[in-house]
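Everything below concerns the one structure shown next.
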Amino acid sequence: MTKKIVVLPGDGIGPEIIAEALKVLDVVSTEMKLGLVFESGLIGGAAYDVYGTPFPQQTIDQVKAADAILLGAVGGPKWEGLDISVRPEKGLLGLRSTLGLFSNLRPAILYPQLADASTLKPEVVSGLDIMIVRELTGGIYFGQPRGVRVLENGEKQGFNTLVYTESEIRRIAHSAFRIAQKRNHKVCSVDKANVLECTELWRQVVTEVGKDYPDVALSHMYVDNAAMQLVRAPKQFDVLVTSNMFGDILSDAAAMLTGSIGMLPSASLDANNKGMYEPIHGSAPDIAGQGVANPLATILSAAMMLRYTFNEIEAADRIEAAVSGALDAGFRTADIYSEGTQKVGTAQMGDAVVAALKGSLHE
Ligand code: NAD
């Protein structure tokens with residue numbers, strides 16, 4: 001059976017890093033007979049330049065018909081002066097809402113070879129591998145009513161509403177438990193159930209859902225403690241599941257534990273594990289076109305796609321091991337370079353991963 005992947009390179013370094021991920025996917029698809037089929041499309045500034053909109057109907061039709069989407073990055077100075085409704089970033093939001101991608105997976109992985117890149121002590125973070133599952137389409141970022149009103153005494157008051165329905169909590173909880181089953185079988189649900197009724201319901205529903213997954217150990221933690229534990233002893237976590245705003249904050253903190261933005265992939269999934277996969281970094285206009293960007297976050301996003309949408313665990317494992325192999329061989333792009341290693345460009349790093357991958361496939 002073929003697996004249809006729509007590839008949206010986007011802007012800035014997007015096309016450069018996507019080219020390397022495609023090299024890697026091509027090798028696993030051919031050698032492991034995965035039947036991956038690629039179709040490219042336009043999003044962000046690249047789409048605006050052709051169609052006058054960052055998420056044109058052609059792309060909407062393509063992503064709806066796809067099994068998975070691999071995206072580079074969007075945005076850049078060229079489009080910053082545009083009206084907010086047609087800015088490149090709107091394309092990304094449009095894609096998430098069109099496909100109902102409510103489950104955002106943000107791993108924080110620190111390869112032992114890069115332990116020096118973190119601001120934390122190497123022994124605290126070396127080998128770190130945690131997954132933050134953030135609810136992406138509900139909570140306080142979307143709750144109504146919201147706004148700024150004028151009170152009777154003439155003072156202004158800003159207000160937002162934290163809302164979650166049981167079904168919204170249930171589906172993100174299922175997503176987290178299923179992911180934990182593919183990892184180390186531990187879920188920590190993060191809330192503020194001692195203060196916020198909405199997250200008291202969150203805790204109840206996650207606990208109920210947890211009964212369906214007896215092979216996964218569930219724990220709960222208040223968000224303030226979770227923030228502290230993430231920088232104190234992050235390796236205690238496997239999967240963290242939390243609401244939109246808490247996840248926004250905690251996932252950035254967790255990403256920074258690794259100190260290397262060019263290494264971190266992400267996924268956004270719907271209820272059927274259809275997903276959009278992209279590096280967490282942006283389009284890096286400052287280095288676009290120079291062939292120096294780190295393609296590893298995008299290559300690792302492709303591995304996540306194989307793991308979570310296509311259930312091709314062995315292929316995903318092999319790609320991740322090949323990334324580790326390229327690092328072991330001493331190859332580093334400029335963003336992760338340190339003395340004693342070999343500085344390479346985007347394409348050379350992709351080639352190094354391909355070489356490690358072929359080596360493992362032909363062992
Ligand atoms: P950025 O992530 O693009 O860049 C931040 C810094 O990290 C830059 O110095 C950049 O050179 C470096 N960097 C990023 N990715 C790298 C890589 N793979 N290899 C080496 N270095 C890398 O963030 P920014 O500068 O704040 O934003 C630039 C543009 O990207 C903006 O238009 C922003 O809106 C957009 N953006 C898009 C996304 C997305 O597409 N998901 C996410 C964030 C920002």
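Quick note on naming: the chains in the structure tokens go A, B, ... in the order shown, residues restart at 1 in each chain, and ligands are numbered from 1 in order of appearance.
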
Worksheet item: Using only C-alpha atoms and all ligand atoms, what are the residues with an atom within 6 Å of ligand 1, set out as an NGL selection string?
Response: :A and (73-76 or 262 or 280-287 or 293-295 or 335)

Would you mind exporting C-alpha atoms of the selected residues as a PDB file, in the first residue's frame?
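The file below, out13.pdb, is the result:
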```
ATOM      1  CA  ALA A  73       9.410  26.318   7.799  1.00  0.00           C
ATOM      2  CA  VAL A  74       7.527  29.470   6.869  1.00  0.00           C
ATOM      3  CA  GLY A  75       8.116  33.199   7.116  1.00  0.00           C
ATOM      4  CA  GLY A  76      10.793  35.767   6.528  1.00  0.00           C
ATOM      5  CA  GLY A 262      18.512  22.684  14.880  1.00  0.00           C
ATOM      6  CA  ILE A 280      10.527  23.304  15.793  1.00  0.00           C
ATOM      7  CA  HIS A 281      12.758  26.051  14.435  1.00  0.00           C
ATOM      8  CA  GLY A 282      11.708  28.730  11.956  1.00  0.00           C
ATOM      9  CA  SER A 283      12.909  29.654   8.485  1.00  0.00           C
ATOM     10  CA  ALA A 284      16.216  31.128   9.735  1.00  0.00           C
ATOM     11  CA  PRO A 285      16.381  33.917   7.128  1.00  0.00           C
ATOM     12  CA  ASP A 286      19.808  34.942   8.467  1.00  0.00           C
ATOM     13  CA  ILE A 287      21.392  31.772   7.059  1.00  0.00           C
ATOM     14  CA  ALA A 293      21.523  25.044   8.132  1.00  0.00           C
ATOM     15  CA  ASN A 294      21.270  21.944  10.293  1.00  0.00           C
ATOM     16  CA  PRO A 295      18.933  19.452   8.567  1.00  0.00           C
ATOM     17  CA  ASP A 335      25.038  25.548  15.108  1.00  0.00           C
TER      18      ASP A 335
END
```

Item to complete: Can you list, as an MDAnalysis selection string, all residues belonging to stretch 157-281 of chain A that DSSP tags as helix (DSSP H, G or I)?
Response: chainID A and resid 166:181 197:210 223:232 234:236 244:258 261:263

Would you mind exporting C-alpha atoms of the selected residues as a PDB file, in the first residue's frame?
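Final output, saved to result_2.pdb:
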```pdb
ATOM      1  CA  GLU A 166     -14.423  16.155  28.592  1.00  0.00           C
ATOM      2  CA  SER A 167     -14.096  15.011  24.983  1.00  0.00           C
ATOM      3  CA  GLU A 168     -11.222  17.407  24.308  1.00  0.00           C
ATOM      4  CA  ILE A 169      -9.376  16.137  27.366  1.00  0.00           C
ATOM      5  CA  ARG A 170     -10.151  12.521  26.558  1.00  0.00           C
ATOM      6  CA  ARG A 171      -8.739  12.657  23.030  1.00  0.00           C
ATOM      7  CA  ILE A 172      -5.450  14.311  24.046  1.00  0.00           C
ATOM      8  CA  ALA A 173      -5.125  11.817  26.922  1.00  0.00           C
ATOM      9  CA  HIS A 174      -5.588   8.888  24.509  1.00  0.00           C
ATOM     10  CA  SER A 175      -2.990  10.442  22.247  1.00  0.00           C
ATOM     11  CA  ALA A 176      -0.482  10.684  25.128  1.00  0.00           C
ATOM     12  CA  PHE A 177      -1.094   7.119  26.361  1.00  0.00           C
ATOM     13  CA  ARG A 178      -0.717   5.697  22.848  1.00  0.00           C
ATOM     14  CA  ILE A 179       2.570   7.550  22.438  1.00  0.00           C
ATOM     15  CA  ALA A 180       3.801   6.282  25.812  1.00  0.00           C
ATOM     16  CA  GLN A 181       3.067   2.743  24.621  1.00  0.00           C
ATOM     17  CA  GLU A 197     -11.568  23.761  38.333  1.00  0.00           C
ATOM     18  CA  CYS A 198     -11.014  23.235  34.624  1.00  0.00           C
ATOM     19  CA  THR A 199      -7.806  21.365  35.299  1.00  0.00           C
ATOM     20  CA  GLU A 200      -9.464  19.444  38.152  1.00  0.00           C
ATOM     21  CA  LEU A 201     -11.717  18.024  35.435  1.00  0.00           C
ATOM     22  CA  TRP A 202      -8.579  17.481  33.317  1.00  0.00           C
ATOM     23  CA  ARG A 203      -7.108  15.326  36.083  1.00  0.00           C
ATOM     24  CA  GLN A 204     -10.324  13.298  36.518  1.00  0.00           C
ATOM     25  CA  VAL A 205     -10.690  12.583  32.807  1.00  0.00           C
ATOM     26  CA  VAL A 206      -7.002  11.707  32.289  1.00  0.00           C
ATOM     27  CA  THR A 207      -7.263   9.303  35.243  1.00  0.00           C
ATOM     28  CA  GLU A 208     -10.344   7.648  33.721  1.00  0.00           C
ATOM     29  CA  VAL A 209      -8.678   7.308  30.307  1.00  0.00           C
ATOM     30  CA  GLY A 210      -5.596   5.870  31.993  1.00  0.00           C
ATOM     31  CA  VAL A 223       2.575  22.805  36.593  1.00  0.00           C
ATOM     32  CA  ASP A 224       4.779  24.854  38.924  1.00  0.00           C
ATOM     33  CA  ASN A 225       6.429  21.689  40.207  1.00  0.00           C
ATOM     34  CA  ALA A 226       6.736  20.342  36.643  1.00  0.00           C
ATOM     35  CA  ALA A 227       8.610  23.484  35.585  1.00  0.00           C
ATOM     36  CA  MET A 228      10.961  23.002  38.513  1.00  0.00           C
ATOM     37  CA  GLN A 229      11.451  19.272  37.894  1.00  0.00           C
ATOM     38  CA  LEU A 230      12.163  19.875  34.198  1.00  0.00           C
ATOM     39  CA  VAL A 231      15.293  21.834  35.051  1.00  0.00           C
ATOM     40  CA  ARG A 232      16.161  19.856  38.221  1.00  0.00           C
ATOM     41  CA  PRO A 234      14.376  16.117  33.510  1.00  0.00           C
ATOM     42  CA  LYS A 235      15.292  12.487  32.894  1.00  0.00           C
ATOM     43  CA  GLN A 236      12.566  11.361  35.365  1.00  0.00           C
ATOM     44  CA  ASN A 244      -2.347  24.338  25.473  1.00  0.00           C
ATOM     45  CA  MET A 245      -0.836  27.155  27.537  1.00  0.00           C
ATOM     46  CA  PHE A 246       1.087  24.995  30.032  1.00  0.00           C
ATOM     47  CA  GLY A 247       2.414  22.969  27.090  1.00  0.00           C
ATOM     48  CA  ASP A 248       3.462  26.082  25.227  1.00  0.00           C
ATOM     49  CA  ILE A 249       5.632  27.172  28.128  1.00  0.00           C
ATOM     50  CA  LEU A 250       6.942  23.789  29.271  1.00  0.00           C
ATOM     51  CA  SER A 251       7.839  22.616  25.765  1.00  0.00           C
ATOM     52  CA  ASP A 252       9.987  25.688  25.128  1.00  0.00           C
ATOM     53  CA  ALA A 253      11.741  25.188  28.451  1.00  0.00           C
ATOM     54  CA  ALA A 254      12.290  21.513  27.644  1.00  0.00           C
ATOM     55  CA  ALA A 255      13.564  22.311  24.137  1.00  0.00           C
ATOM     56  CA  MET A 256      16.127  24.658  25.584  1.00  0.00           C
ATOM     57  CA  LEU A 257      17.444  21.936  27.916  1.00  0.00           C
ATOM     58  CA  THR A 258      19.018  20.520  24.791  1.00  0.00           C
ATOM     59  CA  ILE A 261      17.279  24.344  18.088  1.00  0.00           C
ATOM     60  CA  GLY A 262      18.512  22.684  14.880  1.00  0.00           C
ATOM     61  CA  MET A 263      18.061  19.213  16.399  1.00  0.00           C
TER      62      MET A 263
END
```

Worksheet item: Could you pull out all residues of stretch 160-254 of chain A with a DSSP call of strand (DSSP E) and give them as a VMD selection string?
Response: chain A and resid 186 to 191 217 to 222 239 to 242

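Atom CA of A:Asn272 sits 16.8 Å away from atom CA of A:Leu70.
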
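Residue nearest A:Ser260, chosen from A:Ser118, A:Asn184, A:Gln144, A:Thr333 and counting only C-alpha atoms: A:Ser118.
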
All residues 9 Å or closer to A:Ala329, only C-alpha atoms, same chain fewer than 3 positions away omitted, as a PDB file with N, CA and C atoms, in the first residue's frame:
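So part_36.pdb came out as:
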```pdb
ATOM      1  N   SER A 324      22.449   9.642  15.000  1.00  0.00           N
ATOM      2  CA  SER A 324      23.428   9.454  16.065  1.00  0.00           C
ATOM      3  C   SER A 324      24.779   9.025  15.467  1.00  0.00           C
ATOM      4  N   GLY A 325      24.717   8.174  14.439  1.00  0.00           N
ATOM      5  CA  GLY A 325      25.927   7.705  13.773  1.00  0.00           C
ATOM      6  C   GLY A 325      26.696   8.845  13.125  1.00  0.00           C
ATOM      7  N   ALA A 326      25.973   9.756  12.476  1.00  0.00           N
ATOM      8  CA  ALA A 326      26.628  10.905  11.834  1.00  0.00           C
ATOM      9  C   ALA A 326      27.310  11.776  12.892  1.00  0.00           C
ATOM     10  N   THR A 341      35.618  18.645  16.286  1.00  0.00           N
ATOM     11  CA  THR A 341      34.666  17.977  15.389  1.00  0.00           C
ATOM     12  C   THR A 341      34.821  18.570  13.984  1.00  0.00           C
ATOM     13  N   GLN A 342      34.111  17.965  13.020  1.00  0.00           N
ATOM     14  CA  GLN A 342      34.274  18.419  11.644  1.00  0.00           C
ATOM     15  C   GLN A 342      33.069  19.234  11.193  1.00  0.00           C
ATOM     16  N   ALA A 352      25.926  12.378   5.345  1.00  0.00           N
ATOM     17  CA  ALA A 352      26.497  11.590   6.443  1.00  0.00           C
ATOM     18  C   ALA A 352      25.421  10.696   7.069  1.00  0.00           C
TER      19      ALA A 352
END
```

Using 9 Å as the limit and counting only C-alpha atoms, can you tabulate each residue of stretch 200-282 of chain A that touches stretch 301-318 of chain A, with its shortest atom-to-atom distance in Å and the two atoms involved, as CSV?
```
residue,atom,partner,partner_atom,distance
A:Leu264,CA,A:Ser301,CA,8.0
A:Pro265,CA,A:Ser301,CA,4.6
A:Ser266,CA,A:Ser301,CA,5.9
A:Ala267,CA,A:Ser301,CA,7.1
A:Leu269,CA,A:Thr309,CA,8.3
A:Asn272,CA,A:Thr309,CA,8.3
A:Asn273,CA,A:Thr309,CA,5.2
A:Lys274,CA,A:Thr309,CA,5.6
A:Gly275,CA,A:Thr309,CA,6.4
A:Met276,CA,A:Met305,CA,8.0
A:Tyr277,CA,A:Ser301,CA,5.5
A:Glu278,CA,A:Ser301,CA,5.6
A:Pro279,CA,A:Ser301,CA,6.2
```

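Closest approach to A:Asp328 from the set A:Pro88, A:Gly72, A:Pro112, A:Gly12 is made by A:Pro112, with distances taken over only C-alpha atoms.
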
Discussion item. So that I can see what lies close to A:Pro9, please list as a ChimeraX atom specification the residues with an atom at most 6 Å from it, counting only C-alpha atoms and leaving out residues fewer than 5 positions away in the same chain.
Written reply: /A:14-15,18,71-72

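Taking only C-alpha atoms into account, A:Leu105 lies nearest to A:Ile130 out of the set A:Ile130, A:Leu22, A:Met32, A:Leu296.
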
Practice prompt. Give me the residues within 9 Å of A:Gly100 as a PyMOL selection string, counting only C-alpha atoms and dropping any in the same chain fewer than 6 places off.
Written response: chain A and resi 137+269-271

Worksheet item: Could you name the residues that touch A:Ser85 at 10 Å or less, counting only C-alpha atoms, but leaving out those on the same chain fewer than 5 positions away, as a ChimeraX atom specification?
Response: /A:53-54,90-91

Worksheet item: Suppose you want the space between atom CA of A:Thr119 and atom CA of A:Val292; what is it in Å?
Response: 23.3 Å
